[in-house]
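Colleague: Input file: structure21.pdb. Contents: PDB, C-alpha atoms.
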ATOM      1  CA  MET M 289     -13.967  13.613   6.362
ATOM      2  CA  ALA M 290     -12.829  11.858   9.544
ATOM      3  CA  LEU M 291      -9.213  10.931  10.168
ATOM      4  CA  LYS M 292      -8.873   7.148   9.961
ATOM      5  CA  MET M 293      -5.331   5.854  10.047
ATOM      6  CA  ALA M 294      -3.870   2.478   9.148
ATOM      7  CA  MET M 295      -0.371   1.266   8.371
ATOM      8  CA  HIS M 296       1.321  -1.419   6.333
ATOM      9  CA  ASN M 297       3.625  -3.922   8.021
ATOM     10  CA  TRP M 298       5.840  -5.158   5.170
ATOM     11  CA  MET M 299       8.503  -2.485   5.725
ATOM     12  CA  ARG M 300       9.958  -4.159   8.841
ATOM     13  CA  ALA M 301      10.275  -7.890   9.450
ATOM     14  CA  GLU M 302       8.887  -8.516  12.935
ATOM     15  CA  PRO M 303       6.210 -10.604  14.651
ATOM     16  CA  ILE M 304       2.703  -9.405  13.873
ATOM     17  CA  GLU M 305       2.010  -9.001  17.595
ATOM     18  CA  THR M 306       4.833  -6.434  17.782
ATOM     19  CA  THR M 307       3.383  -4.473  14.877
ATOM     20  CA  ILE M 308      -0.160  -4.495  16.202
ATOM     21  CA  ALA M 309       0.886  -3.479  19.721
ATOM     22  CA  ARG M 310       2.836  -0.521  18.302
ATOM     23  CA  LEU M 311      -0.090   0.647  16.194
ATOM     24  CA  GLY M 312      -2.360   0.463  19.222
ATOM     25  CA  ARG M 313       0.054   2.496  21.374
ATOM     26  CA  SER M 314       0.428   5.119  18.681
ATOM     27  CA  GLY M 315      -3.298   5.686  18.209
ATOM     28  CA  TYR M 316      -3.883   4.080  14.826
ATOM     29  CA  ASP M 317      -7.291   2.719  13.862
ATOM     30  CA  GLY M 318      -6.216  -0.323  11.878
ATOM     31  CA  ILE M 319      -3.732  -2.218   9.769
ATOM     32  CA  GLU M 320      -3.416  -2.797   6.047
ATOM     33  CA  ILE M 321      -1.745  -6.137   6.459
ATOM     34  CA  SER M 322       0.768  -7.730   4.114
ATOM     35  CA  GLY M 323      -0.880  -9.970   1.536
ATOM     36  CA  GLU M 324       0.679 -13.178   2.797
ATOM     37  CA  PRO M 325      -2.288 -15.381   3.769
ATOM     38  CA  ALA M 326      -0.114 -18.448   4.375
ATOM     39  CA  THR M 327       1.981 -16.540   6.924
ATOM     40  CA  TYR M 328      -0.791 -15.605   9.325
ATOM     41  CA  ASP M 329      -3.397 -17.309  11.462
ATOM     42  CA  ALA M 330      -6.454 -15.118  10.810
ATOM     43  CA  ASP M 331      -8.067 -15.945  14.160
ATOM     44  CA  GLU M 332      -4.900 -15.004  16.030
ATOM     45  CA  VAL M 333      -4.550 -11.749  14.084
ATOM     46  CA  LYS M 334      -8.169 -10.872  14.859
ATOM     47  CA  ARG M 335      -7.583 -11.612  18.544
ATOM     48  CA  LEU M 336      -4.548  -9.318  18.600
ATOM     49  CA  LEU M 337      -6.417  -6.553  16.775
ATOM     50  CA  ASP M 338      -9.296  -6.754  19.235
ATOM     51  CA  GLN M 339      -6.886  -6.763  22.163
ATOM     52  CA  HIS M 340      -5.328  -3.477  21.000
ATOM     53  CA  GLY M 341      -8.529  -1.780  19.845
ATOM     54  CA  LEU M 342      -7.720  -1.984  16.141
ATOM     55  CA  GLY M 343      -9.452  -3.224  13.010
ATOM     56  CA  CYS M 344      -8.268  -4.664   9.726
ATOM     57  CA  TRP M 345      -8.711  -2.031   7.031
ATOM     58  CA  GLY M 346      -7.514  -4.448   4.362
ATOM     59  CA  ALA M 347      -4.378  -5.844   2.771
ATOM     60  CA  VAL M 348      -1.945  -5.146  -0.046
ATOM     61  CA  THR M 349      -0.599  -7.686  -2.522
ATOM     62  CA  LEU M 350       3.148  -8.158  -2.181
ATOM     63  CA  MET M 351       4.257  -8.762  -5.755
ATOM     64  CA  THR M 352       7.523 -10.524  -5.157
ATOM     65  CA  GLY M 353       9.097 -12.812  -7.749
ATOM     66  CA  GLY M 354       6.647 -15.247  -9.344
ATOM     67  CA  ARG M 355       3.599 -13.042  -8.742
ATOM     68  CA  ASP M 356       2.686 -11.285 -11.971
ATOM     69  CA  LEU M 357      -0.679 -10.867 -13.722
ATOM     70  CA  VAL M 358       1.075  -9.788 -16.943
ATOM     71  CA  HIS M 359       3.667 -12.547 -17.178
ATOM     72  CA  GLU M 360       4.214 -14.284 -20.506
ATOM     73  CA  ASP M 361       3.867 -17.692 -18.833
ATOM     74  CA  HIS M 362       0.192 -18.634 -18.620
ATOM     75  CA  TYR M 363       0.810 -20.714 -15.495
ATOM     76  CA  VAL M 364       2.459 -17.798 -13.682
ATOM     77  CA  ARG M 365      -0.625 -15.721 -14.467
ATOM     78  CA  LEU M 366      -2.936 -18.475 -13.203
ATOM     79  CA  ALA M 367      -0.979 -18.773  -9.965
ATOM     80  CA  SER M 368      -1.000 -14.991  -9.551
ATOM     81  CA  VAL M 369      -4.783 -14.864  -9.946
ATOM     82  CA  GLN M 370      -5.101 -17.524  -7.265
ATOM     83  CA  TYR M 371      -2.757 -15.540  -5.026
ATOM     84  CA  VAL M 372      -4.929 -12.415  -5.336
ATOM     85  CA  LYS M 373      -8.048 -14.479  -4.635
ATOM     86  CA  ASP M 374      -6.379 -15.954  -1.547
ATOM     87  CA  CYS M 375      -5.583 -12.401  -0.370
ATOM     88  CA  LEU M 376      -9.224 -11.397  -0.878
ATOM     89  CA  SER M 377     -10.396 -14.351   1.192
ATOM     90  CA  PHE M 378      -7.843 -13.487   3.882
ATOM     91  CA  VAL M 379      -9.124  -9.902   4.101
ATOM     92  CA  ALA M 380     -12.679 -11.193   4.385
ATOM     93  CA  GLU M 381     -11.652 -13.534   7.225
ATOM     94  CA  LEU M 382     -10.175 -10.556   9.072
ATOM     95  CA  GLY M 383     -13.320  -8.464   8.549
ATOM     96  CA  GLY M 384     -11.476  -6.036   6.276
ATOM     97  CA  ASP M 385     -12.872  -3.878   3.496
ATOM     98  CA  ILE M 386     -10.293  -3.534   0.732
ATOM     99  CA  LEU M 387      -7.429  -5.203  -1.106
ATOM    100  CA  THR M 388      -4.888  -3.076  -2.910
ATOM    101  CA  VAL M 389      -3.635  -4.905  -6.016
ATOM    102  CA  VAL M 390      -0.340  -4.171  -7.767
ATOM    103  CA  PRO M 391      -0.728  -6.045 -11.077
ATOM    104  CA  SER M 392       2.903  -6.925 -11.824
ATOM    105  CA  THR M 393       6.075  -7.928 -10.004
ATOM    106  CA  VAL M 394       7.661  -4.952  -8.243
ATOM    107  CA  GLY M 395      11.002  -4.270  -9.914
ATOM    108  CA  LYS M 396      10.029  -5.824 -13.238
ATOM    109  CA  VAL M 397      10.634  -3.037 -15.748
ATOM    110  CA  THR M 398      10.911  -4.985 -19.027
ATOM    111  CA  PRO M 399       7.698  -5.964 -20.878
ATOM    112  CA  MET M 400       7.136  -9.547 -21.996
ATOM    113  CA  ALA M 401       4.546  -8.925 -24.712
ATOM    114  CA  SER M 402       2.811  -6.153 -26.617
ATOM    115  CA  PRO M 403       0.925  -3.452 -24.657
ATOM    116  CA  GLU M 404      -2.374  -4.868 -25.936
ATOM    117  CA  GLU M 405      -1.556  -8.430 -24.865
ATOM    118  CA  GLU M 406      -0.403  -7.421 -21.421
ATOM    119  CA  TRP M 407      -3.417  -5.164 -20.880
ATOM    120  CA  ASN M 408      -5.772  -7.977 -21.874
ATOM    121  CA  TRP M 409      -3.970 -10.472 -19.626
ATOM    122  CA  CYS M 410      -4.416  -8.111 -16.695
ATOM    123  CA  VAL M 411      -8.089  -7.451 -17.433
ATOM    124  CA  GLU M 412      -8.758 -11.176 -17.768
ATOM    125  CA  GLY M 413      -7.022 -11.985 -14.486
ATOM    126  CA  LEU M 414      -8.577  -9.137 -12.539
ATOM    127  CA  GLU M 415     -12.052  -9.974 -13.826
ATOM    128  CA  GLU M 416     -11.736 -13.390 -12.194
ATOM    129  CA  CYS M 417     -10.422 -11.760  -9.019
ATOM    130  CA  GLN M 418     -13.257  -9.219  -9.086
ATOM    131  CA  ALA M 419     -15.857 -11.979  -9.206
ATOM    132  CA  HIS M 420     -14.274 -13.498  -6.097
ATOM    133  CA  ALA M 421     -14.041 -10.073  -4.422
ATOM    134  CA  GLU M 422     -17.786  -9.629  -4.838
ATOM    135  CA  GLU M 423     -18.418 -13.121  -3.433
ATOM    136  CA  VAL M 424     -16.436 -12.413  -0.253
ATOM    137  CA  GLY M 425     -17.501  -8.779   0.128
ATOM    138  CA  VAL M 426     -14.121  -7.080  -0.292
ATOM    139  CA  ARG M 427     -13.486  -4.148  -2.641
ATOM    140  CA  MET M 428     -10.426  -4.443  -4.864
ATOM    141  CA  GLY M 429      -8.339  -1.464  -5.982
ATOM    142  CA  VAL M 430      -5.608  -1.213  -8.635
ATOM    143  CA  GLU M 431      -2.519   0.673  -7.453
ATOM    144  CA  PRO M 432      -0.168   2.537  -9.821
ATOM    145  CA  LEU M 433       3.547   2.490  -8.972
ATOM    146  CA  ASN M 434       6.302   4.732 -10.297
ATOM    147  CA  ARG M 435       8.229   3.868 -13.452
ATOM    148  CA  PHE M 436      11.271   2.621 -11.517
ATOM    149  CA  GLU M 437       9.198  -0.152  -9.912
ATOM    150  CA  THR M 438       6.964  -1.127 -12.842
ATOM    151  CA  TYR M 439       6.358  -0.193 -16.467
ATOM    152  CA  PHE M 440       2.769  -1.396 -16.449
ATOM    153  CA  ILE M 441       0.475   1.047 -14.595
ATOM    154  CA  ASN M 442       2.095   4.251 -13.348
ATOM    155  CA  ARG M 443      -0.666   6.881 -13.199
ATOM    156  CA  ALA M 444      -4.125   7.328 -11.743
ATOM    157  CA  ASP M 445      -5.832   7.620 -15.131
ATOM    158  CA  GLN M 446      -4.340   4.285 -16.216
ATOM    159  CA  ALA M 447      -5.556   2.615 -13.033
ATOM    160  CA  VAL M 448      -9.043   4.084 -13.482
ATOM    161  CA  ALA M 449      -9.130   2.790 -17.069
ATOM    162  CA  MET M 450      -8.202  -0.685 -15.813
ATOM    163  CA  ALA M 451     -10.822  -0.556 -13.041
ATOM    164  CA  LYS M 452     -13.513   0.508 -15.531
ATOM    165  CA  GLU M 453     -12.660  -2.349 -17.864
ATOM    166  CA  VAL M 454     -12.626  -4.903 -15.034
ATOM    167  CA  GLY M 455     -16.040  -3.625 -13.976
ATOM    168  CA  GLY M 456     -18.122  -4.230 -10.888
ATOM    169  CA  ASN M 457     -16.999  -2.123  -7.954
ATOM    170  CA  CYS M 458     -13.299  -2.432  -8.804
ATOM    171  CA  GLY M 459     -11.570   0.763  -7.763
ATOM    172  CA  VAL M 460      -8.183   2.438  -7.456
ATOM    173  CA  CYS M 461      -5.640   2.912  -4.689
ATOM    174  CA  LEU M 462      -3.375   5.941  -4.902
ATOM    175  CA  ASP M 463      -0.041   6.547  -3.202
ATOM    176  CA  ILE M 464       1.211  10.124  -2.889
ATOM    177  CA  PHE M 465       4.852   8.994  -3.096
ATOM    178  CA  HIS M 466       4.309   7.478  -6.533
ATOM    179  CA  MET M 467       1.985  10.313  -7.590
ATOM    180  CA  ASN M 468       4.652  12.880  -6.779
ATOM    181  CA  ILE M 469       6.865  11.217  -9.395
ATOM    182  CA  GLU M 470       4.337  10.348 -12.109
ATOM    183  CA  GLU M 471       1.428  12.804 -12.028
ATOM    184  CA  ALA M 472       1.637  16.163 -13.763
ATOM    185  CA  ASP M 473      -0.749  17.448 -11.059
ATOM    186  CA  TRP M 474      -1.463  15.106  -8.155
ATOM    187  CA  ARG M 475      -4.307  17.297  -6.957
ATOM    188  CA  GLN M 476      -6.115  16.982 -10.276
ATOM    189  CA  ALA M 477      -5.373  13.251 -10.377
ATOM    190  CA  ILE M 478      -7.197  12.829  -7.048
ATOM    191  CA  ARG M 479     -10.179  14.812  -8.374
ATOM    192  CA  ASP M 480     -10.272  12.811 -11.589
ATOM    193  CA  THR M 481     -10.145   9.510  -9.704
ATOM    194  CA  GLY M 482     -13.157  10.566  -7.650
ATOM    195  CA  ASP M 483     -15.449   7.742  -6.547
ATOM    196  CA  TYR M 484     -13.022   5.119  -7.854
ATOM    197  CA  LEU M 485     -10.661   5.908  -4.961
ATOM    198  CA  ILE M 486     -10.880   3.136  -2.354
ATOM    199  CA  ASP M 487      -7.591   3.548  -0.463
ATOM    200  CA  PHE M 488      -4.797   6.078  -0.083
ATOM    201  CA  HIS M 489      -1.165   5.357   0.834
ATOM    202  CA  ILE M 490       0.955   7.875   2.693
ATOM    203  CA  ALA M 491       4.666   8.700   2.506
ATOM    204  CA  GLU M 492       6.715  11.776   1.741
ATOM    205  CA  ASN M 493       8.171  12.583  -1.678
ATOM    206  CA  ASN M 494      11.405  10.973  -0.404
ATOM    207  CA  ARG M 495       9.335   8.062   1.012
ATOM    208  CA  MET M 496      10.139   9.090   4.559
ATOM    209  CA  PRO M 497       7.413   9.602   7.173
ATOM    210  CA  PRO M 498       5.102  12.612   6.767
ATOM    211  CA  GLY M 499       6.859  15.798   7.856
ATOM    212  CA  GLU M 500      10.305  14.797   6.580
ATOM    213  CA  GLY M 501       9.806  15.880   2.974
ATOM    214  CA  ALA M 502       8.019  18.362   0.745
ATOM    215  CA  ILE M 503       4.411  17.127   0.495
ATOM    216  CA  ASP M 504       1.758  19.698   1.485
ATOM    217  CA  TRP M 505      -0.287  17.511   3.821
ATOM    218  CA  GLU M 506      -2.943  20.130   4.472
ATOM    219  CA  ALA M 507      -3.535  20.451   0.715
ATOM    220  CA  LEU M 508      -3.714  16.673   0.412
ATOM    221  CA  VAL M 509      -6.317  16.373   3.156
ATOM    222  CA  GLN M 510      -8.366  19.109   1.483
ATOM    223  CA  GLU M 511      -8.296  17.334  -1.875
ATOM    224  CA  LEU M 512      -9.397  14.033  -0.361
ATOM    225  CA  ALA M 513     -12.189  15.749   1.546
ATOM    226  CA  GLY M 514     -13.197  17.523  -1.654
ATOM    227  CA  ILE M 515     -13.986  14.244  -3.449
ATOM    228  CA  GLY M 516     -15.770  12.827  -0.405
ATOM    229  CA  TYR M 517     -13.138  10.189   0.333
ATOM    230  CA  ASP M 518     -14.094   8.414   3.554
ATOM    231  CA  GLY M 519     -11.567   5.572   3.660
ATOM    232  CA  TYR M 520      -8.328   5.234   5.585
ATOM    233  CA  LEU M 521      -4.962   6.867   5.083
ATOM    234  CA  THR M 522      -2.415   4.055   5.184
ATOM    235  CA  VAL M 523       1.138   4.933   6.201
ATOM    236  CA  GLU M 524       3.828   3.316   4.029
ATOM    237  CA  PHE M 525       7.123   5.057   4.676
ATOM    238  CA  VAL M 526      10.320   3.304   3.572
ATOM    239  CA  VAL M 527      13.406   4.451   5.448
ATOM    240  CA  PRO M 528      16.483   4.403   3.194
ATOM    241  CA  VAL M 529      19.866   3.030   4.082
ATOM    242  CA  ASP M 530      22.425   5.851   4.133
ATOM    243  CA  ARG M 531      25.998   4.593   3.722
ATOM    244  CA  THR M 532      27.628   8.010   3.520
ATOM    245  CA  PRO M 533      29.507   9.890   6.285
ATOM    246  CA  LEU M 534      26.467  12.187   6.521
ATOM    247  CA  SER M 535      24.221   9.394   7.757
ATOM    248  CA  LYS M 536      22.099  10.043  10.827
ATOM    249  CA  ARG M 537      20.753   6.515  10.662
ATOM    250  CA  THR M 538      23.926   4.473  10.936
ATOM    251  CA  GLU M 539      22.151   1.692  12.826
ATOM    252  CA  ILE M 540      20.071   0.672   9.802
ATOM    253  CA  ALA M 541      21.659  -2.534   8.606
ATOM    254  CA  ASP M 542      21.545  -4.351   5.296
ATOM    255  CA  ALA M 543      18.344  -6.169   4.362
ATOM    256  CA  ALA M 544      20.195  -9.469   4.925
ATOM    257  CA  GLU M 545      20.019  -8.729   8.663
ATOM    258  CA  SER M 546      16.281  -7.985   8.677
ATOM    259  CA  GLY M 547      15.174 -11.512   9.495
ATOM    260  CA  ALA M 548      12.873 -11.499   6.469
ATOM    261  CA  SER M 549      12.317 -14.401   4.097
ATOM    262  CA  GLN M 550      14.511 -14.546   1.000
ATOM    263  CA  GLY M 551      11.794 -13.047  -1.201
ATOM    264  CA  MET M 552      10.988 -10.258   1.264
ATOM    265  CA  GLU M 553      14.686  -9.569   1.831
ATOM    266  CA  GLN M 554      14.999  -8.832  -1.884
ATOM    267  CA  PHE M 555      11.764  -6.804  -1.740
ATOM    268  CA  LEU M 556      13.238  -4.628   1.026
ATOM    269  CA  ARG M 557      16.504  -4.233  -0.859
ATOM    270  CA  ASP M 558      14.651  -3.275  -4.038
ATOM    271  CA  HIS M 559      12.966  -0.518  -2.031
ATOM    272  CA  GLY M 560      16.290   0.838  -0.782
ATOM    273  CA  THR M 561      15.706  -0.079   2.836
ATOM    274  CA  GLY M 562      17.115  -2.660   5.215
ATOM    275  CA  ALA M 563      16.971  -3.760   8.839
ATOM    276  CA  VAL M 564      15.478  -0.774  10.675
ATOM    277  CA  PRO M 565      16.005  -0.818  14.467
ATOM    278  CA  GLU M 566      12.837  -0.826  16.556
ATOM    279  CA  HIS M 567      13.483   2.518  18.236
ATOM    280  CA  TYR M 568      13.663   4.273  14.844
ATOM    281  CA  TYR M 569      10.533   2.503  13.708
ATOM    282  CA  ASP M 570       8.618   3.423  16.879
ATOM    283  CA  GLU M 571       9.542   7.057  16.356
ATOM    284  CA  TYR M 572       8.595   7.142  12.667
ATOM    285  CA  VAL M 573       5.260   5.409  13.244
ATOM    286  CA  GLN M 574       4.326   7.982  15.899
ATOM    287  CA  ASP M 575       5.631  10.930  13.879
ATOM    288  CA  SER M 576       3.479   9.867  10.914
ATOM    289  CA  ILE M 577       0.163   9.923  12.721
ATOM    290  CA  ASP M 578       1.085  13.096  14.632
ATOM    291  CA  ARG M 579       1.831  14.988  11.401
ATOM    292  CA  LEU M 580      -1.389  13.834   9.746
ATOM    293  CA  ARG M 581      -3.433  14.733  12.821
ATOM    294  CA  LYS M 582      -1.931  18.205  12.629
ATOM    295  CA  ALA M 583      -2.948  18.479   8.966
ATOM    296  CA  PHE M 584      -6.523  17.430   9.746
ATOM    297  CA  GLU M 585      -6.791  19.863  12.658
ATOM    298  CA  SER M 586      -5.449  22.686  10.503
ATOM    299  CA  VAL M 587      -7.957  22.015   7.737
ATOM    300  CA  GLN M 588     -10.888  21.643  10.124
ATOM    301  CA  THR M 589      -9.936  24.809  12.045
ATOM    302  CA  PRO M 590      -8.605  27.276   9.448
ATOM    303  CA  ALA M 591      -6.727  30.315  10.648
ATOM    304  CA  ALA M 592      -8.847  33.435  11.136
TER
END
Just give me the structure as structure tokens.
Modeller:
Amino acid sequence: MALKMAMHNWMRAEPIETTIARLGRSGYDGIEISGEPATYDADEVKRLLDQHGLGCWGAVTLMTGGRDLVHEDHYVRLASVQYVKDCLSFVAELGGDILTVVPSTVGKVTPMASPEEEWNWCVEGLEECQAHAEEVGVRMGVEPLNRFETYFINRADQAVAMAKEVGGNCGVCLDIFHMNIEEADWRQAIRDTGDYLIDFHIAENNRMPPGEGAIDWEALVQELAGIGYDGYLTVEFVVPVDRTPLSKRTEIADAAESGASQGMEQFLRDHGTGAVPEHYYDEYVQDSIDRLRKAFESVQTPAA
């Protein structure tokens, strides 16, 4: 297993050229770009990636309000299917490989129909998306989130069941932050996911950068190598706002000061973060890849 590192860019509102330049400086291999096709000029993004020696690994759907494959309103579901298809086309334009799909609106924790109805709605929508994914040559993966962000799919086995029902080469994306909350044994969950695993998201148990929490990164690397995973590790830390006298990050301002759109401002607030100053972000981006490099080196060169 080779170390291939990407990072999301939704966690800090900034020009894409700033993000890409930082990733290049810090030694990343690519980006898993925010699923906002209307926001970006694909040709310009490709030019910037080439300029900094990076590739597009893929994208992640940003399920803000109005994006929901299990909504009771048929027209919301139709629009959400089109949104996912647009994201798939966007990834293809950028030469990417994968699209991570969160099926329901992040923060929606109240069902709108029976479990059977909602499951069938999701299968129906993702089947249409899967057909488009195969047309454009991008692999789609269902991502479970923890119970505080969604009630719909929370564990790896649920995501695998959905991927199997959707069919084709539909896979699963796992995120160790969510797994640490929801899986009885995250190691076994990785093994059980096996060949369905198409992407892996990285953050500590407290959603800070690797090295600032309790995750055993060497054990994680070993588990991924054990199932033959050869995709990227995509960094997705979310730095919390600390309003107490103990705060060491007093410069992190409210999400209202982030410069994000109204929908993304709420998305940041729902994730407990805000306007993170660039110097903090530079440090955390570098710390993340440094800690994961250390884990890879340790696993490849075990102590005598």
Colleague: Counting only C-alpha atoms, which of M:Val529, M:Val509, M:Met299, M:Ile386 gets nearest to Val460 in chain M?
Modeller: M:Ile386
Colleague: Report, in Å to a single decimal, how far apart CA of Ile540 in chain M and CA of Glu500 in chain M are.
Modeller: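 The value is 17.5 Å.
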Colleague: Just so the selection is clear, what residues does the PyMOL selection byres ((chain M and resi 380) around 12) cover here, as JSON, numbers by chain?
Modeller: {"M": [325, 330, 331, 334, 344, 345, 346, 347, 373, 374, 375, 376, 377, 378, 379, 381, 382, 383, 384, 385, 386, 387, 420, 421, 422, 423, 424, 425, 426, 427, 428]}
Colleague: So that I can check the surroundings of Glu360 in chain M, please list as a list of chain:residue names every protein, DNA and RNA residue that reaches within 9 Å of it, counting all atoms listed in the file and ignoring chain neighbours fewer than 5 positions away.
Modeller: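 Once the nearby chain positions are removed, what remains is M:Arg365, M:Met400, M:Ala401, M:Glu406.
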Colleague: Compare M:Ala548, M:Val369, M:Val389, M:Ile478 by their minimum atom-to-atom distance to Tyr517 in chain M, counting only C-alpha atoms, and give me the closest one.
Modeller: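 Closest to Tyr517 in chain M of all the choices is M:Ile478.
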Colleague: Run the PyMOL selection byres ((chain M and resi 476) around 12) mentally over the shown coordinates, then write out the matched residues as a ChimeraX atom specification, using the chain letters and numbers from the document.
Modeller: /M:443-445,467,471-475,477-482,507-508,511-512,514-515
Colleague: Using only C-alpha atoms, pick whichever of M:Glu405, M:Asp329, M:Glu524, M:Glu431 has the shortest atom-to-atom distance to Cys461 in chain M.
Modeller: M:Glu431
Colleague: What does the structure give for the distance between CA of Asn494 in chain M and CA of Asp530 in chain M, in Å to one decimal?
Modeller: 13.0 Å
Colleague: Suppose a student applies the PyMOL selection byres ((chain M and resi 295) around 8) to this structure; what residues should they get, written as a compact mmCIF listing (two decimals) with C-alpha atoms, in the coordinates of the input?
Modeller:
# COMPACT_ATOMS: atom_id res chain seq x y z
CA MET M 293 -5.33 5.85 10.05
CA ALA M 294 -3.87 2.48 9.15
CA HIS M 296 1.32 -1.42 6.33
CA ASN M 297 3.62 -3.92 8.02
CA LEU M 311 -0.09 0.65 16.19
CA TYR M 316 -3.88 4.08 14.83
CA GLY M 318 -6.22 -0.32 11.88
CA ILE M 319 -3.73 -2.22 9.77
CA GLU M 320 -3.42 -2.80 6.05
CA ILE M 321 -1.74 -6.14 6.46
CA LEU M 521 -4.96 6.87 5.08
CA THR M 522 -2.42 4.06 5.18
CA VAL M 523 1.14 4.93 6.20
CA GLU M 524 3.83 3.32 4.03
Colleague: Take CA of Asp317 in chain M and CA of Leu342 in chain M and report the distance between them in Å, one decimal.
Modeller: 5.2 Å
Colleague: So, counting all atoms listed in the file, which residue among M:Pro528, M:Gly315, M:Pro399, M:Gly341 is closest to Arg557 in chain M?
Modeller: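 Comparing M:Pro528, M:Gly315, M:Pro399, M:Gly341 against Arg557 in chain M, the winner is M:Pro528.
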Colleague: Pick from M:Asp504, M:Asp463, M:Asp570, M:Glu470: nearest to Asn442 in chain M, with all atoms listed in the file counted?
Modeller: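 Selected residue with least distance to Asn442 in chain M: M:Glu470.
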